[in-house]
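Chemist: Input: one structure, supplied below.
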Amino acid sequence: MRLPIKTRLFKSFASALSFFSFLILTACIESPILHHADADTVTPQAQTEADCPLHFPTAGLCASITWDQMQTEDEPGSFKLKFWDAKTATSDGPYLTPENAVFTRLMMPSMGHGSSPVKTEQLQAADGSLVAGVYHATGVYFSMPGHWEIWIQLRRDRGVLEQAKVDITI
């Protein structure tokens with residue numbers, strides 16, 4: 001026996017409504033395909049006291065961010081990232097290069113997504129030598145206004161060993 005047309009239309013409408021509700025609710029959820037899930041394997045380390053703005057207790061390091069240029073309508077932003085020994089140095093140095101690779105991630109927690117990848121490279125001196133403990137992050141692009149987190153991560157073999165964050169409002 002075939003269902004009446006109104007019942008069939010209602011079921012079709014309900015199915016479509018469920019599907020579109022699902023799409024709306026999941027549109028800003030992080031995608032494991034895009035490797036967003038890797039940071040969830042490590043307990044985040046939030047900002048600490050002023051003398052150690054980014055704290056990496058396992059590595060025994062502190063770090064700070066100094067903006068070269070904030071993002072404009074035409075240009076992405078960039079900043080310097082400096083690391084020092086948490087027990088023996090200060091934000092003025094001497095700087096210490098972490099044993100693990102340094103990465104930068106931009107996340108907008110209210111939307112559940114990040115922004116385009118940030119290029120983070122150890123700074124080179126005029127003679128081409130690497131500057132100990134100083135990195136340059138370029139391509140810093142916040143895709144919309146609001147509250148953002150800048151996550152600095154220490155990684156090995158694509159795994160996050162330790163991370164710390166800076167909150168910023170755009």
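So you can find residues: chains in the structure tokens are A, B, ... in the order shown, residues in each start at 1, and ligands are numbered from 1 in order.
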Residues near Gly60 in chain A, anyone? I mean within 10 Å using only C-alpha atoms, not counting same-chain ones fewer than 2 positions away, as a ChimeraX atom specification.
Modeler: /A:55-58,62,84-88,98
Chemist: Quick one: residues within 6 Å of Thr104 in chain A, only C-alpha atoms counted, chain neighbours fewer than 5 positions away excluded, as a ChimeraX atom specification?
Modeler: /A:118,151-152
Chemist: Find the spatial neighbours of Gln153 in chain A, counting only C-alpha atoms, within a cut-off of 10 Å - ignore same-chain residues fewer than 6 positions away - and output them as a list of chain:residue names.
Modeler: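 Within the cut-off, the hits are A:Ala39, A:Pro44, A:Phe56, A:Asn100, A:Ala101, A:Val102, A:Phe103, A:Thr104, A:Arg105, A:Gly159, A:Val160, A:Leu161, A:Glu162, A:Gln163, A:Ala164, A:Lys165.
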Chemist: Under the rule that only C-alpha atoms are counted, which of A:Val166, A:Arg156, A:Ala125, A:Met144 is the nearest residue to Gln71 in chain A?
Modeler: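 Closest candidate: A:Met144.
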Chemist: Quick one: pull the distance between CA of Pro117 in chain A and CA of Ala59 in chain A, Å, one decimal.
Modeler: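 Calculated distance between CA of Pro117 in chain A and CA of Ala59 in chain A is 24.1 Å.
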Chemist: What's the separation between CA of Glu75 in chain A and CA of Gly128 in chain A, in Å to one decimal place?
Modeler: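 Between CA of Glu75 in chain A and CA of Gly128 in chain A the gap works out to 25.9 Å.
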Chemist: Could you make a table, as a tab-separated table, of the residues of range 120-143 of chain A that have an atom within 12 Å of an atom of range 91-94 of chain A, each with its nearest atom pair and distance in Å to one decimal, counting only C-alpha atoms, in chain and number order?
Modeler:
residue	atom	partner	partner_atom	distance
A:Val131	CA	A:Pro94	CA	10.9
A:Ala132	CA	A:Pro94	CA	8.5
A:Gly133	CA	A:Pro94	CA	8.4
A:Val134	CA	A:Gly93	CA	10.2
Chemist: Apply DSSP to the structure's backbone, then extract all residues of range 44-156 of chain A labelled strand (DSSP E) and return them as a ChimeraX atom specification.
Modeler: /A:54-56,61-69,77-85,101-108,113-114,119-124,130-140,147-156
Chemist: Could you tell me how far CA of Leu106 in chain A sits from CA of Val140 in chain A, in Å to one decimal place?
Modeler: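 Answer for the CA of Val140 in chain A to CA of Leu106 in chain A separation: 8.0 Å.
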Chemist: Which residue, A:Ala50, A:Gly146, A:Asp157, A:Ala126, has the smallest gap to Pro109 in chain A when you use only C-alpha atoms?
Modeler: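 Checking each candidate against Pro109 in chain A, we get A:Gly146 as the closest.
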Chemist: List as a ChimeraX atom specification the protein and nucleic acid residues near Ser78 in chain A, meaning an atom at most 9 Å away when only C-alpha atoms are counted, but skip any in the same chain fewer than 4 places from it.
Modeler: /A:66-71,136-141
